[in-house]
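Below is one structure, written out as structure tokens; the observations come after it.
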Amino acid sequence: MEVDAPHPRVLSSAKLVDLKDKVLCELGLSAGHTERDTRAPRALPAPDPARPSVPRRRAIRRAARPGPQPGQDSERVDVVVIGGGPGGASAATVLADNGLRVLVLEREPFPRYHVGESLLPALWELWDRLGVTEQIEAAGFAVKQGIRFGMFRDPEEVVLLTAECPAYFPRSYTYHVDRARFDAVLLDNARQKGAEVREGWTVADVAMRDGWVTGVLAGPNGAAPRRIAADLVIDATGRDCLIARKMGWRRPDPALNKVAHFTQFAGGDPRDVGSLIPTADRIPATTTTEIHTTEGGWVWYIPLRGETVSVGVVLDAHYAGKLAGDPEAVFERALSGCPKVRAWLHGARQTMPVQTVSGISYINDSFVGNGFVLVGDASMFVDPIFSAGVTLAIRGGVYAADCILDAFQHRDFSAARLRPYESRIRQPMDRIFQMIRHWYAILEGGNADNMIRRAREIPWLRERLIVLLSGGYEKMDLESFLLSVKAAS
Ligand SMILES: Cc1cc2nc3c(=O)[nH]c(=O)nc-3n(C[C@H](O)[C@H](O)[C@H](O)COP(=O)(O)OP(=O)(O)OC[C@H]3O[C@@H](n4cnc5c(N)ncnc54)[C@H](O)[C@@H]3O)c2cc1C
């Protein structure tokens, strides 16, 4: 065999380390957990913008371990993903597309209901990366072109359209989705890219050895869990936060102690915004996400496909505690504090019982550990006000996958190797977190002269707000935005 390598004395050279990997792999002795800490660290390669090249997929595949051996009682895969929501499905798609053996374990049979219907235009770039844009477009979801705010009973509403800032996003619209179908489209895409998906499977716990996560204990719902070994486990269990709870990392934010009550209706006012949008930008049957303040919090009104409308109230927990009654009664009382939205529901039929999520906001101490990463709501969730949850979960899934591919190339699954994922996703998360704090400062101060109202008159403030509210957290400097808010006051 001819070897194009530097002098053998340069033992830490990247070429020799790669060569050693290849030889070990061909002998069926690919480097395992014991070698994790012995490798010389190398630079993180730039993430692949599109589908990986065939040689790169082969290289990653070669770096993965051999499959299950005959006679072994437990399964072994490269990556187990716990949870098939947007975060888990996105990570699984990128990893399987790069040739890794990926197993997604999802407790619920899909399609299943989930709250979180309003998406952001920043998702187009991520959908392209996942190769799912065509399927999303074909699904027939309601078009969303922006947000409409109603602040403190001011009769003049503020409409912010992504089309006003066309330079920032591939398309100036997005969708209001029925999450049952949207999440199923993403999970099917992960299957098509090569991930194995088992619905109706619950992960009871993660398997650990010497402080490393080495797999999961899982089985079909109702059956005894068994061990499935993996080099890396992704916790994408949403608000269940399986690993963060086990580690004691989950920290609720007492300053943002909110409770949400929500349901769906058939037959509400479609809130036609066509006349507010310049003809050139107008898309037939278009909608905006409606956000309206009410006593103790705010109300969302999201027209979905057909005549379905999602309606929810997000209240300060202390205020909600004073509204006596069951969730239906609290929802009704909070809604009657916003007569405008109540009127849009006149004659509409409620189609499901009111659901409640309390203690909405939490942040976990860390998003990575030895042998695992946390993605989407399993890493943190702050508040639904700016509809960032799904966008951040998908972004987190893609960023985590980029970092995990690097970990497989180096056969190093340590927290240190996985940390760049955490740094990368914390930046947009921190930005939306600051905006959310700003929003509640406005609500708590009852300040009618606020940034949203001022965005009606001040073009540069308006542009910055639209880009941020469309999900362009990395396209707009939040600090300069907050400075402009200050300057305009
Ligand atoms: C009141 C409210 C309103 C919201 N509104 C919006 C909105 O308008 N727009 C928006 O973008 N976001 C919104 N969000 C946030 C959004 O719903 C979440 O951020 C998003 O669903 C996160 O995706 P995920 O994949 O991380 O988790 P999820 O979508 O929750 O998926 C997690 C999956 O893991 C599965 N699972 C859990 N535990 C296990 C286990 N042990 N074994 C196997 N499977 C398991 C679950 O069945 C689930 O399917 C809202 C959130 C709340 C609370």
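By order of appearance in the structure tokens: chains A, B, ..., then residues from 1 within every chain, and ligands from 1 in the order shown.
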Item to complete: Quick one: everything within 10 Å of His346 (chain A), counting only C-alpha atoms, minus sequence neighbours fewer than 6 positions away in the same chain. Send it as a ChimeraX atom specification.
Response: /A:267-269
- Message: Need to verify the contact set: Ala448 (chain A), 9 Å, only C-alpha atoms, exclusion of same-chain residues closer than 5 positions in sequence. Can you return it as a list in words?
- Response: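 In the requested form, the answer reads Met151, Phe152, Asp154, Ile442, Leu443 and Arg453 of chain A.
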Residues from the last selection, C-alpha atoms, saved as an mmCIF file, in the first residue's frame:
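New file part.cif:
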```
data_model
loop_
_atom_site.group_PDB
_atom_site.id
_atom_site.type_symbol
_atom_site.label_atom_id
_atom_site.label_comp_id
_atom_site.auth_asym_id
_atom_site.auth_seq_id
_atom_site.Cartn_x
_atom_site.Cartn_y
_atom_site.Cartn_z
ATOM 1 C CA MET A 151 -51.380 46.955 22.378
ATOM 2 C CA PHE A 152 -53.279 48.102 25.463
ATOM 3 C CA ASP A 154 -55.106 51.112 21.315
ATOM 4 C CA ILE A 442 -43.465 46.709 28.350
ATOM 5 C CA LEU A 443 -46.457 44.682 29.596
ATOM 6 C CA ARG A 453 -45.934 51.251 18.691
#
```
Subject >> From A:Ser118, A:Thr356, A:Asn447, A:Asn257, residue lying nearest ligand 1 [only C-alpha atoms and all ligand atoms] >> reply: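 Comparing A:Ser118, A:Thr356, A:Asn447, A:Asn257 against ligand 1, the winner is A:Ser118.
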### Task
DSSP on the backbone, then: every residue of region 212-431 of chain A marked strand (DSSP E or B), written as a PyMOL selection string.
chain A and resi 212-220+226-235+250-252+258-266+287-294+297-303+308-316+349-350+355-358+362-364+368-369+372-374+380-381
Would you mind listing what lies within 7 Å of Thr289 (chain A) as a PDB file with C-alpha atoms, in the first residue's frame, with only C-alpha atoms counted and same-chain residues fewer than 6 positions away left out?
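What ended up in result-v1.pdb:
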```
ATOM      1  CA  SER A 118     -46.906  29.976  14.126  1.00  0.00           C
ATOM      2  CA  GLY A 146     -46.224  38.835   9.379  1.00  0.00           C
ATOM      3  CA  ILE A 147     -47.481  39.789  12.826  1.00  0.00           C
ATOM      4  CA  ARG A 148     -50.251  42.100  13.941  1.00  0.00           C
ATOM      5  CA  TYR A 301     -55.031  34.222  17.609  1.00  0.00           C
ATOM      6  CA  ILE A 302     -53.608  32.090  14.795  1.00  0.00           C
TER       7      ILE A 302
END
```
Name the residues of region 123-249 of chain A that fall into alpha helix (DSSP H) according to DSSP on the backbone, using the chain letters and numbers of this document, as a ChimeraX atom specification. /A:123-130,133-138,179-192,242-247
Which residues, written as an NGL selection string, have at least one atom at most 6 Å from Asp78 (chain A), with only C-alpha atoms counted and residues fewer than 3 positions away on the same chain left out?
:A and (101 or 230-231)
Take the residues that were just selected and, keeping N, CA and C atoms, output them as a PDB file, in the first residue's frame.
```
ATOM      1  N   ARG A 101     -25.849   5.469  11.204  1.00  0.00           N
ATOM      2  CA  ARG A 101     -27.025   4.661  11.584  1.00  0.00           C
ATOM      3  C   ARG A 101     -27.739   5.399  12.706  1.00  0.00           C
ATOM      4  N   ALA A 230     -25.373   3.171  21.949  1.00  0.00           N
ATOM      5  CA  ALA A 230     -25.099   4.168  20.898  1.00  0.00           C
ATOM      6  C   ALA A 230     -23.847   4.944  21.278  1.00  0.00           C
ATOM      7  N   ASP A 231     -23.121   5.415  20.269  1.00  0.00           N
ATOM      8  CA  ASP A 231     -21.972   6.283  20.554  1.00  0.00           C
ATOM      9  C   ASP A 231     -22.445   7.629  21.070  1.00  0.00           C
TER      10      ASP A 231
END
```
